[in-house]
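Undergrad: Input structure: my_file.txt, which contains compact mmCIF, C-alpha atoms.
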```txt
# COMPACT_ATOMS: atom_id res chain seq x y z
CA MET P 208 -2.04 -35.70 15.36
CA ALA P 209 -4.51 -33.72 17.45
CA GLN P 210 -7.35 -31.96 15.67
CA SER P 211 -8.46 -28.38 16.34
CA GLN P 212 -10.88 -25.80 15.06
CA HIS P 213 -8.17 -23.57 13.60
CA VAL P 214 -5.48 -23.87 10.98
CA LYS P 215 -2.05 -24.24 12.56
CA VAL P 216 1.11 -22.84 10.99
CA ILE P 217 4.61 -23.86 12.15
CA GLY P 218 7.66 -22.14 10.74
CA ALA P 219 11.11 -20.78 11.33
CA PRO P 220 11.75 -17.21 12.50
CA HIS P 221 11.83 -14.65 9.69
CA SER P 222 10.66 -17.25 7.16
CA ARG P 223 9.49 -15.62 3.91
CA GLU P 224 7.30 -18.59 3.08
CA ALA P 225 5.69 -18.60 6.51
CA TYR P 226 4.91 -14.88 6.24
CA GLU P 227 3.20 -15.38 2.88
CA ILE P 228 1.03 -18.12 4.40
CA ARG P 229 0.12 -16.03 7.46
CA ASP P 230 -0.67 -13.02 5.29
CA PHE P 231 -2.80 -15.13 2.94
CA LEU P 232 -4.79 -16.64 5.82
CA LYS P 233 -5.20 -13.26 7.51
CA ARG P 234 -6.54 -11.66 4.34
CA GLY P 235 -8.84 -14.63 3.82
CA VAL P 236 -10.22 -14.20 7.36
CA VAL P 237 -9.12 -17.75 8.21
CA GLU P 238 -8.50 -18.25 11.92
CA TYR P 239 -5.03 -19.64 12.47
CA GLU P 240 -2.44 -20.14 15.17
CA TRP P 241 1.25 -19.51 14.59
CA CYS P 242 4.08 -21.38 16.25
CA GLU P 243 7.56 -20.02 15.64
CA MET P 244 10.20 -22.71 15.91
CA THR P 245 12.60 -21.50 18.58
CA PRO P 246 14.77 -23.39 21.08
CA ASP P 247 12.47 -22.42 23.96
CA ARG P 248 9.17 -23.26 22.26
CA ASP P 249 7.92 -26.83 21.81
CA CYS P 250 5.58 -26.77 18.82
CA MET P 251 5.27 -30.54 18.95
CA ARG P 252 3.72 -30.43 22.41
CA GLU P 253 1.76 -27.22 21.75
CA PHE P 254 0.13 -28.37 18.51
CA GLY P 255 0.14 -32.10 19.15
CA VAL P 256 2.42 -32.93 16.23
CA GLU P 257 4.00 -36.38 16.32
CA SER P 258 7.39 -35.31 14.96
CA LEU P 259 8.88 -32.30 13.22
CA ARG P 260 12.32 -33.81 12.74
CA ASP P 261 11.84 -34.85 9.11
CA MET P 262 9.25 -32.24 8.13
CA ARG P 263 9.95 -29.44 5.68
CA LEU P 264 8.99 -26.06 7.13
CA PRO P 265 6.69 -24.27 7.04
CA VAL P 266 4.10 -26.85 8.03
CA VAL P 267 0.36 -26.18 7.87
CA LEU P 268 -2.03 -28.31 9.92
CA PHE P 269 -5.74 -28.32 9.05
CA PRO P 270 -8.68 -29.06 11.39
CA ASP P 271 -9.28 -32.45 9.75
CA GLY P 272 -5.80 -33.57 10.83
CA SER P 273 -4.11 -33.28 7.43
CA CYS P 274 -0.58 -31.92 7.34
CA PHE P 275 0.96 -29.96 4.46
CA GLN P 276 4.71 -29.44 4.29
CA GLN P 277 6.01 -26.36 2.45
CA PRO P 278 2.62 -25.87 0.75
CA THR P 279 2.01 -23.33 -1.97
CA LEU P 280 -0.76 -20.77 -1.52
CA ALA P 281 -2.66 -22.50 -4.30
CA GLU P 282 -2.52 -25.79 -2.38
CA ILE P 283 -3.79 -24.09 0.77
CA ALA P 284 -6.60 -22.39 -1.16
CA ALA P 285 -7.59 -25.71 -2.72
CA LYS P 286 -7.67 -27.38 0.69
CA LEU P 287 -9.92 -24.60 1.97
CA GLY P 288 -12.24 -25.15 -0.98
CA TRP P 289 -11.53 -21.82 -2.65
CA VAL P 290 -10.27 -23.07 -6.02
CA THR P 291 -12.84 -24.08 -8.60
CA ARG P 292 -13.07 -24.45 -12.35
CA PRO P 293 -15.42 -22.44 -14.58
CA ARG P 294 -18.85 -24.10 -14.58
CA LEU P 295 -20.23 -22.43 -17.70
CA ARG P 296 -19.00 -22.32 -21.26
CA GLU P 297 -19.90 -18.65 -21.54
CA TYR P 298 -20.60 -15.80 -19.09
CA ASP P 299 -22.27 -12.44 -19.49
CA VAL P 300 -19.36 -10.73 -17.74
CA SER P 301 -15.97 -11.78 -16.42
CA ILE P 302 -14.53 -9.68 -13.60
CA TYR P 303 -10.75 -9.61 -13.08
CA GLY P 304 -9.69 -8.78 -9.54
CA ALA P 305 -11.45 -9.31 -6.19
CA GLY P 306 -10.65 -6.02 -4.51
CA PRO P 307 -13.41 -3.56 -3.50
CA ALA P 308 -14.25 -2.67 -7.12
CA GLY P 309 -14.30 -6.26 -8.35
CA LEU P 310 -16.30 -7.54 -5.38
CA SER P 311 -18.81 -4.72 -5.73
CA ALA P 312 -19.22 -5.52 -9.43
CA ALA P 313 -19.66 -9.19 -8.50
CA VAL P 314 -22.42 -8.46 -5.97
CA TYR P 315 -24.39 -6.26 -8.36
CA ALA P 316 -23.87 -8.46 -11.42
CA ALA P 317 -24.95 -11.64 -9.65
CA SER P 318 -27.86 -10.00 -7.82
CA GLU P 319 -29.19 -8.64 -11.11
CA GLY P 320 -29.17 -12.03 -12.76
CA LEU P 321 -26.07 -11.77 -14.92
CA LYS P 322 -24.00 -14.90 -15.43
CA ALA P 323 -20.82 -13.58 -13.85
CA VAL P 324 -17.45 -14.90 -12.76
CA VAL P 325 -14.62 -13.32 -10.75
CA ILE P 326 -11.00 -14.29 -11.37
CA GLU P 327 -8.52 -13.53 -8.57
CA ARG P 328 -4.89 -14.63 -8.58
CA ASN P 329 -4.36 -14.15 -4.85
CA ALA P 330 -6.52 -13.33 -1.81
CA VAL P 331 -9.73 -11.33 -1.94
CA GLY P 332 -9.69 -7.70 -0.86
CA GLY P 333 -6.80 -6.28 -2.87
CA GLN P 334 -4.74 -3.66 -1.05
CA ALA P 335 -7.78 -2.71 1.01
CA GLY P 336 -7.77 -6.25 2.38
CA THR P 337 -4.42 -5.62 4.06
CA SER P 338 -5.69 -2.61 6.02
CA SER P 339 -5.92 -3.22 9.75
CA LEU P 340 -8.93 -0.91 10.07
CA ILE P 341 -11.00 1.14 7.61
CA GLU P 342 -12.76 3.85 9.59
CA ASN P 343 -14.12 6.22 6.94
CA TYR P 344 -16.29 3.73 5.03
CA MET P 345 -19.98 4.54 5.42
CA GLY P 346 -22.02 2.26 7.65
CA PHE P 347 -19.22 1.18 10.01
CA PRO P 348 -18.93 3.85 12.75
CA GLN P 349 -16.42 1.74 14.70
CA GLY P 350 -14.45 0.91 11.56
CA ILE P 351 -13.89 -2.53 10.05
CA PRO P 352 -10.72 -4.47 9.14
CA GLY P 353 -10.18 -4.51 5.39
CA ALA P 354 -10.05 -8.30 5.27
CA GLU P 355 -13.37 -8.60 7.10
CA LEU P 356 -15.05 -6.11 4.76
CA ALA P 357 -13.77 -8.06 1.76
CA GLU P 358 -14.91 -11.38 3.25
CA ARG P 359 -18.41 -9.99 3.84
CA ALA P 360 -18.55 -8.85 0.22
CA ARG P 361 -17.34 -12.26 -0.95
CA GLN P 362 -20.02 -14.04 1.04
CA GLN P 363 -22.65 -11.66 -0.30
CA ALA P 364 -21.59 -12.24 -3.90
CA VAL P 365 -21.53 -16.01 -3.40
CA LYS P 366 -25.03 -15.86 -1.89
CA PHE P 367 -26.28 -14.31 -5.13
CA GLY P 368 -24.60 -17.03 -7.18
CA ILE P 369 -21.30 -15.49 -8.29
CA GLU P 370 -18.52 -17.84 -9.34
CA LEU P 371 -15.20 -16.98 -7.72
CA LEU P 372 -12.09 -18.57 -9.19
CA MET P 373 -9.29 -18.14 -6.65
CA MET P 374 -5.56 -18.47 -7.32
CA ARG P 375 -6.22 -18.22 -11.04
CA GLU P 376 -4.69 -16.04 -13.69
CA GLY P 377 -5.14 -15.67 -17.41
CA VAL P 378 -2.18 -16.21 -19.70
CA HIS P 379 -3.73 -15.10 -22.99
CA ALA P 380 -7.01 -13.63 -24.13
CA THR P 381 -8.61 -12.52 -27.37
CA PHE P 382 -11.34 -9.98 -28.08
CA ALA P 383 -13.37 -11.12 -31.09
CA ASP P 384 -16.99 -11.38 -32.22
CA GLY P 385 -18.30 -9.50 -29.21
CA LYS P 386 -16.66 -11.83 -26.69
CA ILE P 387 -13.50 -12.18 -24.65
CA ARG P 388 -11.84 -15.59 -24.54
CA VAL P 389 -9.19 -16.17 -21.88
CA ASP P 390 -6.83 -19.11 -21.55
CA LEU P 391 -6.22 -19.67 -17.84
CA ALA P 392 -2.91 -20.93 -16.49
CA ASP P 393 -4.41 -24.29 -15.53
CA GLY P 394 -5.40 -24.96 -19.15
CA SER P 395 -9.09 -24.11 -18.86
CA LEU P 396 -10.85 -21.61 -21.12
CA LEU P 397 -13.01 -18.73 -19.95
CA CYS P 398 -15.41 -17.04 -22.37
CA ALA P 399 -17.54 -13.94 -21.66
CA LYS P 400 -19.52 -11.36 -23.59
CA SER P 401 -17.99 -8.48 -21.60
CA ASN P 402 -15.41 -7.92 -18.91
CA ILE P 403 -14.54 -5.57 -16.06
CA CYS P 404 -10.89 -4.97 -15.20
CA ALA P 405 -10.53 -4.29 -11.47
CA THR P 406 -6.97 -5.53 -11.01
CA GLY P 407 -5.93 -2.57 -8.86
CA ILE P 408 -2.30 -1.64 -8.38
CA GLU P 409 0.92 -3.43 -7.48
CA TYR P 410 2.88 -2.25 -4.45
CA ARG P 411 5.69 0.15 -5.25
CA SER P 412 9.14 -0.76 -3.95
CA LEU P 413 11.73 1.55 -2.41
CA GLY P 414 14.09 1.05 -5.35
CA LEU P 415 17.10 0.30 -3.14
CA PRO P 416 19.99 -2.07 -3.91
CA HIS P 417 19.46 -5.65 -2.71
CA GLU P 418 15.89 -4.83 -1.64
CA ASP P 419 14.66 -8.29 -2.65
CA LYS P 420 17.07 -9.81 -0.14
CA TYR P 421 14.92 -8.55 2.74
CA LEU P 422 11.45 -8.90 1.17
CA ASN P 423 9.15 -10.67 3.64
CA ALA P 424 12.13 -11.09 5.95
CA GLY P 425 11.71 -7.78 7.76
CA LEU P 426 10.74 -5.68 4.74
CA PHE P 427 7.06 -5.81 3.80
CA TYR P 428 5.03 -4.06 1.12
CA GLY P 429 1.70 -2.88 2.50
CA ALA P 430 0.30 -2.65 5.99
CA GLY P 431 1.25 -6.21 7.01
CA ALA P 432 -1.58 -6.63 9.52
CA SER P 433 -0.64 -10.26 10.16
CA GLU P 434 2.78 -9.22 11.50
CA ALA P 435 1.57 -7.16 14.45
CA PRO P 436 1.92 -10.01 16.98
CA MET P 437 5.55 -10.45 15.87
CA CYS P 438 6.37 -6.83 16.75
CA VAL P 439 5.57 -6.81 20.48
CA GLY P 440 8.05 -4.60 22.28
CA GLN P 441 10.10 -3.97 19.14
CA PRO P 442 10.69 -0.85 17.01
CA VAL P 443 8.66 -0.62 13.79
CA CYS P 444 9.17 1.73 10.84
CA ILE P 445 6.53 2.67 8.26
CA VAL P 446 7.29 4.44 5.00
CA GLY P 447 4.50 6.64 3.66
CA GLY P 448 2.14 9.42 4.68
CA GLY P 449 -1.21 8.28 3.27
CA ASN P 450 -4.20 6.77 5.04
CA SER P 451 -2.89 3.22 4.70
CA ALA P 452 0.36 4.23 6.40
CA GLY P 453 -1.51 6.11 9.12
CA GLN P 454 -3.80 3.17 9.85
CA ALA P 455 -0.80 0.86 9.95
CA ALA P 456 0.95 3.16 12.43
CA MET P 457 -2.10 3.17 14.70
CA HIS P 458 -2.34 -0.62 14.51
CA PHE P 459 1.31 -1.31 15.25
CA ALA P 460 1.39 1.27 18.04
CA GLN P 461 -0.66 -1.18 20.12
CA HIS P 462 2.17 -3.73 19.93
CA ALA P 463 5.51 -2.05 19.14
CA SER P 464 7.79 -0.19 21.50
CA VAL P 465 7.94 2.71 19.06
CA VAL P 466 6.54 3.32 15.57
CA THR P 467 8.44 5.68 13.28
CA MET P 468 6.66 7.05 10.20
CA ILE P 469 9.04 8.12 7.46
CA VAL P 470 7.38 10.76 5.27
CA ARG P 471 8.79 12.61 2.27
CA GLY P 472 6.53 15.64 2.71
CA ALA P 473 6.75 18.47 5.22
CA SER P 474 3.43 17.56 6.84
CA LEU P 475 0.66 14.96 6.82
CA ALA P 476 -2.15 17.38 6.05
CA ALA P 477 -2.02 16.92 2.27
CA THR P 478 -2.07 13.12 2.31
CA LEU P 479 -3.70 11.94 5.54
CA SER P 480 -7.29 12.26 6.76
CA GLN P 481 -7.68 14.71 9.65
CA TYR P 482 -9.10 12.12 12.05
CA LEU P 483 -5.96 10.00 11.60
CA ILE P 484 -3.67 12.98 12.11
CA GLU P 485 -5.38 13.75 15.41
CA ARG P 486 -5.12 10.15 16.59
CA LEU P 487 -1.46 9.84 15.65
CA GLU P 488 -0.68 13.01 17.57
CA ARG P 489 -2.20 11.42 20.69
CA GLU P 490 -0.13 8.23 20.40
CA ALA P 491 2.92 8.64 22.63
CA ASN P 492 4.93 5.90 20.90
CA VAL P 493 4.38 7.17 17.32
CA LYS P 494 7.02 9.46 15.85
CA VAL P 495 6.99 11.11 12.41
CA ARG P 496 10.16 11.90 10.48
CA PHE P 497 9.21 14.50 7.90
CA GLU P 498 11.12 15.28 4.69
CA SER P 499 12.93 11.97 5.01
CA SER P 500 13.36 8.73 3.08
CA VAL P 501 14.94 5.29 3.50
CA SER P 502 18.33 5.29 1.80
CA ALA P 503 19.77 1.88 2.76
CA LEU P 504 18.88 -1.48 4.29
CA TYR P 505 21.14 -3.57 6.54
CA GLY P 506 21.07 -7.11 7.86
CA ASP P 507 22.46 -10.61 7.49
CA GLY P 508 19.71 -12.70 5.89
CA LYS P 509 16.99 -10.58 7.50
CA LEU P 510 16.43 -6.88 8.06
CA GLU P 511 18.20 -5.54 11.13
CA ALA P 512 18.52 -1.79 10.50
CA ILE P 513 17.71 0.97 8.02
CA GLU P 514 19.36 4.22 7.06
CA ILE P 515 17.21 7.35 6.95
CA GLN P 516 18.25 10.36 4.92
CA SER P 517 16.75 13.78 5.54
CA LYS P 518 16.12 16.44 2.92
CA ASN P 519 19.33 18.28 3.88
CA GLY P 520 21.41 15.11 3.38
CA GLU P 521 21.86 14.07 6.99
CA ARG P 522 21.84 10.29 7.51
CA GLU P 523 20.92 8.23 10.54
CA VAL P 524 20.79 4.49 11.14
CA LEU P 525 17.80 3.08 13.01
CA LYS P 526 17.66 -0.46 14.35
CA THR P 527 14.51 -2.26 13.27
CA GLY P 528 13.52 -5.68 12.03
CA HIS P 529 10.14 -4.52 10.75
CA LEU P 530 9.82 -2.06 7.86
CA PHE P 531 6.43 -1.61 6.18
CA VAL P 532 6.31 0.24 2.85
CA CYS P 533 2.99 1.99 2.20
CA ILE P 534 3.81 4.32 -0.69
CA GLY P 535 1.10 3.33 -3.14
CA GLY P 536 1.88 1.46 -6.29
CA SER P 537 1.64 1.12 -10.03
CA PRO P 538 -1.38 -0.17 -11.98
CA ASN P 539 -1.45 -3.81 -12.93
CA THR P 540 -1.89 -3.23 -16.68
CA GLU P 541 1.18 -4.64 -18.35
CA TRP P 542 -1.14 -7.16 -20.01
CA ALA P 543 -2.68 -4.32 -22.06
CA LYS P 544 0.49 -3.26 -23.89
CA ASP P 545 -0.23 -5.40 -26.97
CA THR P 546 -3.91 -4.50 -27.23
CA HIS P 547 -6.09 -1.62 -28.40
CA ILE P 548 -6.72 -0.66 -24.78
CA ILE P 549 -5.31 2.83 -24.24
CA ARG P 550 -3.29 3.61 -21.12
CA ASP P 551 -2.04 6.91 -19.77
CA PRO P 552 1.72 7.58 -19.32
CA ASN P 553 1.59 6.01 -15.85
CA GLY P 554 -0.05 2.83 -17.10
CA TYR P 555 -3.61 3.44 -15.87
CA LEU P 556 -6.51 2.40 -18.11
CA VAL P 557 -8.16 5.37 -19.81
CA THR P 558 -11.95 5.32 -19.98
CA GLY P 559 -14.97 7.29 -21.16
CA SER P 560 -14.57 10.85 -22.44
CA ASP P 561 -10.92 10.94 -21.33
CA LEU P 562 -10.20 8.75 -24.36
CA TYR P 563 -10.92 11.69 -26.67
CA GLU P 564 -7.63 13.30 -25.62
CA HIS P 565 -5.63 10.39 -27.04
CA PRO P 566 -4.93 10.51 -30.81
CA ALA P 567 -5.00 6.71 -31.06
CA PHE P 568 -8.61 6.57 -29.91
CA GLU P 569 -10.22 7.40 -33.25
CA THR P 570 -8.16 4.70 -34.97
CA VAL P 571 -9.06 1.89 -32.55
CA TRP P 572 -12.67 2.67 -31.56
CA PRO P 573 -14.96 0.73 -33.96
CA LEU P 574 -18.45 1.94 -32.99
CA GLU P 575 -20.51 5.01 -33.89
CA ARG P 576 -21.53 5.66 -30.31
CA ARG P 577 -19.12 7.19 -27.81
CA PRO P 578 -17.61 5.07 -25.00
CA TYR P 579 -19.55 4.77 -21.78
CA PHE P 580 -18.10 6.42 -18.69
CA LEU P 581 -16.08 3.39 -17.45
CA GLU P 582 -15.54 1.78 -20.86
CA THR P 583 -12.05 1.42 -22.27
CA SER P 584 -11.10 1.85 -25.92
CA VAL P 585 -12.26 -1.74 -26.54
CA PRO P 586 -16.10 -1.85 -26.48
CA GLY P 587 -17.46 -4.13 -23.81
CA SER P 588 -14.27 -3.93 -21.75
CA PHE P 589 -14.64 -1.76 -18.66
CA ALA P 590 -12.32 -0.60 -15.88
CA ALA P 591 -13.17 0.16 -12.25
CA GLY P 592 -11.27 1.14 -9.13
CA ASP P 593 -7.61 2.01 -8.70
CA VAL P 594 -6.60 0.60 -12.09
CA ARG P 595 -8.60 3.30 -13.89
CA ALA P 596 -7.04 6.63 -14.85
CA GLY P 597 -8.52 9.48 -12.85
CA SER P 598 -10.08 7.28 -10.18
CA VAL P 599 -10.24 8.38 -6.55
CA LYS P 600 -8.06 6.02 -4.55
CA ARG P 601 -10.58 5.25 -1.82
CA VAL P 602 -12.55 2.10 -0.94
CA ALA P 603 -15.91 3.85 -1.26
CA SER P 604 -15.20 5.18 -4.74
CA ALA P 605 -13.93 1.77 -5.90
CA VAL P 606 -17.12 0.14 -4.62
CA GLY P 607 -19.17 2.76 -6.45
CA GLU P 608 -17.31 2.26 -9.71
CA GLY P 609 -17.72 -1.50 -9.49
CA ALA P 610 -21.47 -1.15 -9.18
CA MET P 611 -21.59 1.49 -11.93
CA ALA P 612 -19.60 -0.71 -14.30
CA VAL P 613 -22.30 -3.37 -14.08
CA THR P 614 -24.88 -0.79 -15.24
CA PHE P 615 -22.81 -0.12 -18.35
CA VAL P 616 -22.34 -3.85 -18.89
CA HIS P 617 -26.15 -4.14 -19.06
CA ARG P 618 -26.25 -1.38 -21.69
CA TYR P 619 -23.51 -2.99 -23.71
CA LEU P 620 -25.12 -6.43 -23.63
CA ALA P 621 -28.42 -4.89 -24.74
CA GLU P 622 -26.72 -3.56 -27.84
CA SER P 623 -25.83 -7.09 -29.02
CA ARG P 624 -23.25 -5.72 -31.39
CA PRO P 625 -19.89 -7.32 -32.27
CA ILE P 626 -16.63 -5.56 -31.45
CA ALA P 627 -13.52 -5.24 -33.53
CA SER P 628 -10.96 -8.03 -33.20
CA GLY P 629 -7.93 -7.50 -31.03
CA CYS P 630 -5.56 -9.51 -28.93
CA LEU P 631 -5.09 -9.25 -25.21
CA LYS P 632 -2.27 -10.87 -23.30
CA ASN P 633 -3.48 -11.11 -19.75
CA ASP P 634 -1.03 -11.84 -16.95
```
Would you mind writing the file out in C-alpha cells?

TA:
Amino acid sequence: MAQSQHVKVIGAPHSREAYEIRDFLKRGVVEYEWCEMTPDRDCMREFGVESLRDMRLPVVLFPDGSCFQQPTLAEIAAKLGWVTRPRLREYDVSIYGAGPAGLSAAVYAASEGLKAVVIERNAVGGQAGTSSLIENYMGFPQGIPGAELAERARQQAVKFGIELLMMREGVHATFADGKIRVDLADGSLLCAKSNICATGIEYRSLGLPHEDKYLNAGLFYGAGASEAPMCVGQPVCIVGGGNSAGQAAMHFAQHASVVTMIVRGASLAATLSQYLIERLEREANVKVRFESSVSALYGDGKLEAIEIQSKNGEREVLKTGHLFVCIGGSPNTEWAKDTHIIRDPNGYLVTGSDLYEHPAFETVWPLERRPYFLETSVPGSFAAGDVRAGSVKRVASAVGEGAMAVTFVHRYLAESRPIASGCLKND
C-alpha cells in the first residue's frame, strides 16, 4: 500500500459513516483526501490500495500505511494520538467541553500554573469549529475558519501543559468534600477541586417526521464545511438566518449552483450581522426565502427534495440533496437534572446573581458568601459560554467567559472550604 502525507478516506456516496469521518477530520484540521466509490472512479489506482473487494467501507488509510475498515471516531482519534488517560490523581480544575469557552479556560488555567484537564467527547471547537469562516473575531481582519481557530487554541493550551482527553465522556460524578469525582466511560476516574462546564449546545432538529432517515445523508446539522466539495454545481439549501447560516451560505456559494436560505423572519436585519447581509446581497447565486420553513423531506435512502411552506400556507417542492440546518440548539445540561445545579426553563445553567431569582437557591447554596459571577448553585462549579443562561452567543464572549471563569476558580481554590454533598450524573 502506498504511503502519503495525508489521511485518505474511501467511502460510498451519501455514506453517513464517511461524512462523520470527514467532518471529524475537518474539524480537527487534519489534512485528508476523499475518494468516493463510483463506477467511473478507481480508488485502488488513485490511492494505491491493493484491493477493496473484501474491505468494509468506509476505509481510512494513514500516512504510515495502516488501514482501518469501518473505524469509529474514537479509533481514528487514538491513531492520531489524541486519546490519553488522566495523568494525575487530582486536578485543580476540570474543564468539560473544548469549544471556545473551554479552550480559553484551558489556556488561562494552564498558563497560570493550575493543574488542569479538558474533557471533550468529540472534536475540539464546538459549534464554532464547524464555521467555514469567522470574520468578526478581533485580530483576524481576513477572518479565520472556526476549526483553525480552535486548533490554534488547542496547540496553545498544550504548550502550557494542559491535558486534553479526547473522545471521552463522564458517566457519573459526585460533588463532595470540596471536590468533583467523575467516572469516565472507559473506567478511569477523574478528580478535581473545581470544574468549569463549557459543554455548549446541541444542534436543534427540524422536528419533521422521519428526519433521522436523512441525517448525514443529505440532511446536516450545522454549517457542514467539509461537504462543500460535494456540492459543486448542485443546489444547496440552508435553514436559518443567524451568522452561522449566513457564513455557510457564503461558503457554499463558491461551489453550489444556487444557495437558498430559508428564514422564518421577514428580514435578516434582526439576526444577521450587517457585513454578512451586504455580502449575501452581492452574491448572485444566493436566494433568501423569508417567512418560510421546511415542512417535509423526500428521498429514497438519501435526501432528494424538500418542501417549503410559506407563512400564508403556500407549499413548494425544491430539489436538493444538501440541506444544512443552522437554527441554533439546546444546552447540553441534561446531566444536571439530578443535582443541585439550577437551570432556567430552557435548560441553561443559571449563575451568579441570577440565582437569586430562583426560590430553590437559598435551600441548596451552602456558603455565607454569594456566588461568583460565573458560579452555579454548587460552589466551585462554574459555567462559561453558550451553556450559561444569559450568555451572548458569540465566539468572543465565550472566550472571555472562559478566561473569566479561571479567575473565579483561583478565588474559590484560595478559600479552601468544603462544599455541600450532591450527586451529578454527567453524560

Undergrad: Can you pull out every residue within 10 Å of Asp507 of chain P, counting all atoms listed in the file, but drop anything in the same chain fewer than 4 positions away, and send it as a list in words?

TA: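 Using all atoms listed in the file, the neighbours found are Lys420, Tyr421 and Glu511 of chain P.
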
Undergrad: Calculate, to one decimal in Å, the centre and edge lengths of the box along x, y and z of the file that holds all listed atoms of segment 585-591 of chain P with 4 Å of margin on each side, and present them as lines of an AutoDock Vina configuration file.

TA:
```
center_x = -14.9
center_y = -2.0
center_z = -19.4
size_x = 13.2
size_y = 12.3
size_z = 22.3
```

Undergrad: Counting all atoms listed in the file, I want the residues whose atoms come within 7 Å of (-8.7, -0.5, -12.9) in the file frame, returned as a list in words.

TA: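 The residues that fall inside the cut-off are Cys404, Ala405, Thr406, Gly407, Leu556, Ala590, Ala591, Gly592, Asp593, Val594 and Arg595 of chain P.
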
Undergrad: Could those selected residues go to a file with C-alpha atoms, as a PDB file, in the frame of the given file?

TA:
```pdb
ATOM      1  CA  CYS P 404     -10.890  -4.970 -15.200  1.00  0.00           C
ATOM      2  CA  ALA P 405     -10.530  -4.290 -11.470  1.00  0.00           C
ATOM      3  CA  THR P 406      -6.970  -5.530 -11.010  1.00  0.00           C
ATOM      4  CA  GLY P 407      -5.930  -2.570  -8.860  1.00  0.00           C
ATOM      5  CA  LEU P 556      -6.510   2.400 -18.110  1.00  0.00           C
ATOM      6  CA  ALA P 590     -12.320  -0.600 -15.880  1.00  0.00           C
ATOM      7  CA  ALA P 591     -13.170   0.160 -12.250  1.00  0.00           C
ATOM      8  CA  GLY P 592     -11.270   1.140  -9.130  1.00  0.00           C
ATOM      9  CA  ASP P 593      -7.610   2.010  -8.700  1.00  0.00           C
ATOM     10  CA  VAL P 594      -6.600   0.600 -12.090  1.00  0.00           C
ATOM     11  CA  ARG P 595      -8.600   3.300 -13.890  1.00  0.00           C
TER      12      ARG P 595
END
```

Undergrad: Which of these, P:His221, P:Arg375, P:Arg359, P:Lys322, has the shortest distance to Ser401 of chain P once you count only C-alpha atoms?

TA: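 Using only C-alpha atoms, the shortest distance to Ser401 of chain P belongs to P:Lys322.
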
Undergrad: With all atoms listed in the file as the counted atoms, please give the residues lying no more than 12 Å from Gly425 of chain P, apart from itself and same-chain residues fewer than 4 positions off, as an mmCIF file with C-alpha atoms, in the frame of the given file.

TA:
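And here's selection_12.cif as it stands now:
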```
data_model
loop_
_atom_site.group_PDB
_atom_site.id
_atom_site.type_symbol
_atom_site.label_atom_id
_atom_site.label_comp_id
_atom_site.auth_asym_id
_atom_site.auth_seq_id
_atom_site.Cartn_x
_atom_site.Cartn_y
_atom_site.Cartn_z
ATOM 1 C CA PRO P 220 11.750 -17.210 12.500
ATOM 2 C CA HIS P 221 11.830 -14.650 9.690
ATOM 3 C CA SER P 222 10.660 -17.250 7.160
ATOM 4 C CA ARG P 223 9.490 -15.620 3.910
ATOM 5 C CA TYR P 226 4.910 -14.880 6.240
ATOM 6 C CA GLU P 418 15.890 -4.830 -1.640
ATOM 7 C CA ASP P 419 14.660 -8.290 -2.650
ATOM 8 C CA LYS P 420 17.070 -9.810 -0.140
ATOM 9 C CA TYR P 421 14.920 -8.550 2.740
ATOM 10 C CA GLY P 431 1.250 -6.210 7.010
ATOM 11 C CA GLU P 434 2.780 -9.220 11.500
ATOM 12 C CA MET P 437 5.550 -10.450 15.870
ATOM 13 C CA CYS P 438 6.370 -6.830 16.750
ATOM 14 C CA PRO P 442 10.690 -0.850 17.010
ATOM 15 C CA VAL P 443 8.660 -0.620 13.790
ATOM 16 C CA CYS P 444 9.170 1.730 10.840
ATOM 17 C CA ILE P 445 6.530 2.670 8.260
ATOM 18 C CA LEU P 504 18.880 -1.480 4.290
ATOM 19 C CA TYR P 505 21.140 -3.570 6.540
ATOM 20 C CA GLY P 506 21.070 -7.110 7.860
ATOM 21 C CA ASP P 507 22.460 -10.610 7.490
ATOM 22 C CA GLY P 508 19.710 -12.700 5.890
ATOM 23 C CA LYS P 509 16.990 -10.580 7.500
ATOM 24 C CA LEU P 510 16.430 -6.880 8.060
ATOM 25 C CA GLU P 511 18.200 -5.540 11.130
ATOM 26 C CA ALA P 512 18.520 -1.790 10.500
ATOM 27 C CA ILE P 513 17.710 0.970 8.020
ATOM 28 C CA LYS P 526 17.660 -0.460 14.350
ATOM 29 C CA THR P 527 14.510 -2.260 13.270
ATOM 30 C CA GLY P 528 13.520 -5.680 12.030
ATOM 31 C CA HIS P 529 10.140 -4.520 10.750
ATOM 32 C CA LEU P 530 9.820 -2.060 7.860
ATOM 33 C CA PHE P 531 6.430 -1.610 6.180
ATOM 34 C CA VAL P 532 6.310 0.240 2.850
#
```

Undergrad: Which residues come within 7 Å of Pro538 of chain P, counting only C-alpha atoms, excluding same-chain residues fewer than 2 positions away, as a PyMOL selection string?

TA: chain P and resi 407-409+536+540+554-555+594

Undergrad: Which residues are near Ser604 of chain P? Cut-off 10 Å, all atoms listed in the file, ignore same chain within fewer than 5 positions. Put them as a ChimeraX atom specification.

TA: /P:307-308,344,591-593,598-599,609-610

Undergrad: To one decimal place, how far is atom CA of Arg388 of chain P from atom CA of Tyr563 of chain P in Å?

TA: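 According to the coordinates, atom CA of Arg388 of chain P and atom CA of Tyr563 of chain P are separated by 27.4 Å.
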
Undergrad: Which residues come within 10 Å of Ser499 of chain P, counting all atoms listed in the file, excluding same-chain residues fewer than 2 positions away, as an mmCIF file with C-alpha atoms, in the coordinates of the input?

TA:
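Contents of around-v4.cif, freshly written:
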```
data_model
loop_
_atom_site.group_PDB
_atom_site.id
_atom_site.type_symbol
_atom_site.label_atom_id
_atom_site.label_comp_id
_atom_site.auth_asym_id
_atom_site.auth_seq_id
_atom_site.Cartn_x
_atom_site.Cartn_y
_atom_site.Cartn_z
ATOM 1 C CA VAL P 446 7.290 4.440 5.000
ATOM 2 C CA MET P 468 6.660 7.050 10.200
ATOM 3 C CA ILE P 469 9.040 8.120 7.460
ATOM 4 C CA VAL P 470 7.380 10.760 5.270
ATOM 5 C CA ARG P 471 8.790 12.610 2.270
ATOM 6 C CA GLY P 472 6.530 15.640 2.710
ATOM 7 C CA ALA P 473 6.750 18.470 5.220
ATOM 8 C CA VAL P 495 6.990 11.110 12.410
ATOM 9 C CA ARG P 496 10.160 11.900 10.480
ATOM 10 C CA PHE P 497 9.210 14.500 7.900
ATOM 11 C CA VAL P 501 14.940 5.290 3.500
ATOM 12 C CA SER P 502 18.330 5.290 1.800
ATOM 13 C CA ILE P 515 17.210 7.350 6.950
ATOM 14 C CA GLN P 516 18.250 10.360 4.920
ATOM 15 C CA SER P 517 16.750 13.780 5.540
ATOM 16 C CA LYS P 518 16.120 16.440 2.920
ATOM 17 C CA ASN P 519 19.330 18.280 3.880
ATOM 18 C CA GLY P 520 21.410 15.110 3.380
ATOM 19 C CA GLU P 521 21.860 14.070 6.990
ATOM 20 C CA ARG P 522 21.840 10.290 7.510
#
```
